[in-house]
Amino acid sequence: MNLYDLIFYLFAAVTLLSAAVVVSSKNIIYSAFSLVLTFFGVAGLYILLGADFIGVVQILVYVGGIMILLLFGVMLTNKITSVDIRTGTVNVLPSAIAIGVFMGLVTSIMIWTKWVSFPTETPLTTTNELGKLLITEYVLIFELLAILLLVALIGAASIARRDKE
Amino acid sequence: MINVGLNHFLIVSGILFSLGLYAVVTRKNAVMVLMGIELILNAANINFIAFSKFGNLGLTGQVTALFVIVLAAAEAAIALAIVLNIYKTFNNVNVDEIDHLKD
């Protein structure tokens, strides 16, 4: 068991434990803040897989952007001062059984399948190659995503706008 | 104990996917459902990057993961705008009580 394995198990434990807190906590604020920890753990896993740029983007976009959006959503849709901010659950037992079966199925497939894996030499930094790929081979998807982001942000602003009257 | 390989990352991603699905299915609050969707997207991204590293496929998986992150950001912005509108209309965001289309 070398250092790589040790770091992998550390990040996997952080990710899965905080994700379990996210789905089981009654208080939505606790869920939101342990989701931050989950995103950090996933970013660590990305960097262990040699994807350093994706790891940094994960921290920037998820922790910096999406988490703030989700916290705004929590704060704006709960009367924090008057009502408690606990969230209810529905159909806990049947869905826990079904998803337990599903999790066992997926995990056993992952374990028992003979994955063919090639030992590859990932470059030390991937940012340069990613940038080249984005403006050569994937330039159409890149531009389409830029338009999609613009449309999505304009749409979100106009949906959430408060009416004047 | 064997060295960490492709299986380990896939197992972590599978468990993360199941937890996200559990949050989507059981939670009443719409914002919690969104958090479950984010967990599911992260699990898919781990799969993309793991296969990209161990499958000798170059950086294609990483580019796809980047696109997934962009789509997740757009989806979160739109969905939260819709949730805010639901809150203004119904005064709560419990997804099991927003069933006025049934009447």
# chains A, B, ... in the order shown; residues from 1 in each chain; ligands from 1
$ residues_around --residues "Thr38 in chain A" --least-positions-apart "4" --cutoff "9 Å" --atoms "only C-alpha atoms" --output "PyMOL selection string"
(chain A and resi 14-19+22+34+42-43) or (chain B and resi 39)
$ residues_around --residues "Gly5 in chain B" --least-positions-apart "5" --cutoff "12 Å" --atoms "only C-alpha atoms" --output "list in words"
Tyr4, Asp5, Phe8, Tyr9, Leu48, Leu49, Met110, Ile111, Lys114, Trp115, Val116, Ser117, Phe118 and Pro119 of chain A; Leu10, Ile11, Val12, Ala50, Phe51, Lys53, Phe54 and Gly55 of chain B
$ write_last_selection --atoms "C-alpha atoms" --output "PDB file, in the first residue's frame"
ATOM      1  CA  TYR A   4      -1.090   6.924  -3.930  1.00  0.00           C
ATOM      2  CA  ASP A   5      -3.438   4.277  -2.517  1.00  0.00           C
ATOM      3  CA  PHE A   8      -7.088   7.632  -2.831  1.00  0.00           C
ATOM      4  CA  TYR A   9      -8.726   5.998   0.174  1.00  0.00           C
ATOM      5  CA  LEU A  48      -5.349  11.698  -8.534  1.00  0.00           C
ATOM      6  CA  LEU A  49      -6.506  10.629 -11.997  1.00  0.00           C
ATOM      7  CA  MET A 110     -17.834  -2.696 -11.357  1.00  0.00           C
ATOM      8  CA  ILE A 111     -16.022  -5.354  -9.321  1.00  0.00           C
ATOM      9  CA  LYS A 114     -12.751  -7.700 -16.409  1.00  0.00           C
ATOM     10  CA  TRP A 115     -11.823  -4.155 -17.356  1.00  0.00           C
ATOM     11  CA  VAL A 116      -9.059  -3.941 -19.920  1.00  0.00           C
ATOM     12  CA  SER A 117      -6.850  -1.129 -18.752  1.00  0.00           C
ATOM     13  CA  PHE A 118      -3.802   0.200 -20.487  1.00  0.00           C
ATOM     14  CA  PRO A 119      -1.111   1.703 -18.326  1.00  0.00           C
TER      15      PRO A 119
ATOM     16  CA  LEU B  10     -15.689   3.097 -10.630  1.00  0.00           C
ATOM     17  CA  ILE B  11     -16.953   1.765  -7.300  1.00  0.00           C
ATOM     18  CA  VAL B  12     -16.674   5.207  -5.688  1.00  0.00           C
ATOM     19  CA  ALA B  50     -11.224   7.346 -14.971  1.00  0.00           C
ATOM     20  CA  PHE B  51     -11.906   5.723 -18.345  1.00  0.00           C
ATOM     21  CA  LYS B  53      -6.901   7.727 -17.896  1.00  0.00           C
ATOM     22  CA  PHE B  54      -7.014   3.934 -17.815  1.00  0.00           C
ATOM     23  CA  GLY B  55      -8.370   3.369 -21.320  1.00  0.00           C
TER      24      GLY B  55
END
$ closest_atom_pairs --of "chain B" --to "chain A" --cutoff "8 Å" --atoms "only C-alpha atoms" --output "JSON lines"
{"residue": "B:Met1", "atom": "CA", "partner": "A:Met1", "partner_atom": "CA", "distance": 7.1}
{"residue": "B:Ile2", "atom": "CA", "partner": "A:Met1", "partner_atom": "CA", "distance": 7.9}
{"residue": "B:Asn3", "atom": "CA", "partner": "A:Asp5", "partner_atom": "CA", "distance": 6.7}
{"residue": "B:Val4", "atom": "CA", "partner": "A:Asp5", "partner_atom": "CA", "distance": 5.7}
{"residue": "B:Leu6", "atom": "CA", "partner": "A:Ser117", "partner_atom": "CA", "distance": 7.4}
{"residue": "B:Asn7", "atom": "CA", "partner": "A:Met110", "partner_atom": "CA", "distance": 6.0}
{"residue": "B:Leu10", "atom": "CA", "partner": "A:Met110", "partner_atom": "CA", "distance": 6.2}
{"residue": "B:Ile11", "atom": "CA", "partner": "A:Thr107", "partner_atom": "CA", "distance": 5.5}
{"residue": "B:Val12", "atom": "CA", "partner": "A:Ala12", "partner_atom": "CA", "distance": 6.6}
{"residue": "B:Gly14", "atom": "CA", "partner": "A:Val106", "partner_atom": "CA", "distance": 6.1}
{"residue": "B:Ile15", "atom": "CA", "partner": "A:Met103", "partner_atom": "CA", "distance": 6.2}
{"residue": "B:Leu16", "atom": "CA", "partner": "A:Leu16", "partner_atom": "CA", "distance": 6.6}
{"residue": "B:Ser18", "atom": "CA", "partner": "A:Met103", "partner_atom": "CA", "distance": 5.7}
{"residue": "B:Leu19", "atom": "CA", "partner": "A:Val23", "partner_atom": "CA", "distance": 6.7}
{"residue": "B:Gly20", "atom": "CA", "partner": "A:Val23", "partner_atom": "CA", "distance": 7.3}
{"residue": "B:Leu21", "atom": "CA", "partner": "A:Ile99", "partner_atom": "CA", "distance": 7.6}
{"residue": "B:Tyr22", "atom": "CA", "partner": "A:Ile99", "partner_atom": "CA", "distance": 6.5}
{"residue": "B:Ala23", "atom": "CA", "partner": "A:Val23", "partner_atom": "CA", "distance": 5.2}
{"residue": "B:Val25", "atom": "CA", "partner": "A:Ser95", "partner_atom": "CA", "distance": 7.0}
{"residue": "B:Thr26", "atom": "CA", "partner": "A:Val90", "partner_atom": "CA", "distance": 5.1}
{"residue": "B:Arg27", "atom": "CA", "partner": "A:Thr89", "partner_atom": "CA", "distance": 4.7}
{"residue": "B:Lys28", "atom": "CA", "partner": "A:Thr89", "partner_atom": "CA", "distance": 5.5}
{"residue": "B:Asn29", "atom": "CA", "partner": "A:Thr87", "partner_atom": "CA", "distance": 6.1}
{"residue": "B:Val31", "atom": "CA", "partner": "A:Gly73", "partner_atom": "CA", "distance": 6.7}
{"residue": "B:Met32", "atom": "CA", "partner": "A:Ile28", "partner_atom": "CA", "distance": 7.3}
{"residue": "B:Met35", "atom": "CA", "partner": "A:Leu35", "partner_atom": "CA", "distance": 7.7}
{"residue": "B:Gly36", "atom": "CA", "partner": "A:Val23", "partner_atom": "CA", "distance": 7.6}
{"residue": "B:Leu39", "atom": "CA", "partner": "A:Ala19", "partner_atom": "CA", "distance": 7.8}
{"residue": "B:Asn42", "atom": "CA", "partner": "A:Val42", "partner_atom": "CA", "distance": 7.3}
{"residue": "B:Ile46", "atom": "CA", "partner": "A:Tyr46", "partner_atom": "CA", "distance": 7.0}
{"residue": "B:Ile49", "atom": "CA", "partner": "A:Leu49", "partner_atom": "CA", "distance": 7.0}
{"residue": "B:Ala50", "atom": "CA", "partner": "A:Leu49", "partner_atom": "CA", "distance": 6.5}
{"residue": "B:Lys53", "atom": "CA", "partner": "A:Leu49", "partner_atom": "CA", "distance": 6.6}
{"residue": "B:Phe54", "atom": "CA", "partner": "A:Ser117", "partner_atom": "CA", "distance": 5.2}
{"residue": "B:Gly55", "atom": "CA", "partner": "A:Ser117", "partner_atom": "CA", "distance": 5.4}
{"residue": "B:Asn56", "atom": "CA", "partner": "A:Phe118", "partner_atom": "CA", "distance": 5.8}
{"residue": "B:Leu59", "atom": "CA", "partner": "A:Leu130", "partner_atom": "CA", "distance": 6.9}
{"residue": "B:Gln62", "atom": "CA", "partner": "A:Ala51", "partner_atom": "CA", "distance": 7.0}
{"residue": "B:Val63", "atom": "CA", "partner": "A:Leu130", "partner_atom": "CA", "distance": 6.8}
{"residue": "B:Ala65", "atom": "CA", "partner": "A:Ile54", "partner_atom": "CA", "distance": 7.6}
{"residue": "B:Leu66", "atom": "CA", "partner": "A:Ile54", "partner_atom": "CA", "distance": 6.7}
{"residue": "B:Phe67", "atom": "CA", "partner": "A:Leu145", "partner_atom": "CA", "distance": 7.6}
{"residue": "B:Ile69", "atom": "CA", "partner": "A:Gln58", "partner_atom": "CA", "distance": 7.5}
{"residue": "B:Val70", "atom": "CA", "partner": "A:Leu145", "partner_atom": "CA", "distance": 7.5}
{"residue": "B:Leu71", "atom": "CA", "partner": "A:Leu145", "partner_atom": "CA", "distance": 7.9}
{"residue": "B:Ala73", "atom": "CA", "partner": "A:Ile66", "partner_atom": "CA", "distance": 6.3}
{"residue": "B:Ala74", "atom": "CA", "partner": "A:Ala152", "partner_atom": "CA", "distance": 5.7}
{"residue": "B:Glu75", "atom": "CA", "partner": "A:Ala152", "partner_atom": "CA", "distance": 7.8}
{"residue": "B:Ala76", "atom": "CA", "partner": "A:Ile66", "partner_atom": "CA", "distance": 6.7}
{"residue": "B:Ala77", "atom": "CA", "partner": "A:Ala156", "partner_atom": "CA", "distance": 6.1}
{"residue": "B:Ile78", "atom": "CA", "partner": "A:Ala156", "partner_atom": "CA", "distance": 4.8}
{"residue": "B:Leu80", "atom": "CA", "partner": "A:Gly73", "partner_atom": "CA", "distance": 6.2}
{"residue": "B:Ala81", "atom": "CA", "partner": "A:Ala160", "partner_atom": "CA", "distance": 4.8}
{"residue": "B:Ile82", "atom": "CA", "partner": "A:Ile159", "partner_atom": "CA", "distance": 6.9}
{"residue": "B:Val83", "atom": "CA", "partner": "A:Gly73", "partner_atom": "CA", "distance": 7.6}
{"residue": "B:Leu84", "atom": "CA", "partner": "A:Ala160", "partner_atom": "CA", "distance": 6.4}
{"residue": "B:Asn85", "atom": "CA", "partner": "A:Ala160", "partner_atom": "CA", "distance": 6.3}
{"residue": "B:Tyr87", "atom": "CA", "partner": "A:Thr77", "partner_atom": "CA", "distance": 6.1}
{"residue": "B:Asn92", "atom": "CA", "partner": "A:Thr77", "partner_atom": "CA", "distance": 7.0}
{"residue": "B:Val93", "atom": "CA", "partner": "A:Thr77", "partner_atom": "CA", "distance": 7.1}
$ select_by_dssp --residues "chain B" --states "alpha helix (DSSP H)" --output "JSON, numbers by chain"
{"B": [6, 7, 8, 9, 10, 11, 12, 13, 14, 15, 16, 17, 18, 19, 20, 21, 22, 23, 24, 25, 26, 30, 31, 32, 33, 34, 35, 36, 37, 38, 39, 40, 41, 42, 43, 44, 45, 46, 47, 48, 49, 50, 51, 52, 53, 54, 60, 61, 62, 63, 64, 65, 66, 67, 68, 69, 70, 71, 72, 73, 74, 75, 76, 77, 78, 79, 80, 81, 82, 83, 84, 85, 86, 87, 88, 89, 90]}
$ atom_distance --atom1 "CA of Tyr30 in chain A" --atom2 "CA of Leu34 in chain B"
15.0 Å
$ atom_distance --atom1 "CA of Ser13 in chain B" --atom2 "CA of Phe48 in chain B"
10.1 Å
$ atom_distance --atom1 "CA of Ser52 in chain B" --atom2 "CA of Thr64 in chain B"
9.8 Å
$ closest_residue --among "B:Ala79, B:Phe17, B:Asp103, B:Phe90" --to "Ala43 in chain B" --atoms "only C-alpha atoms"
B:Phe17
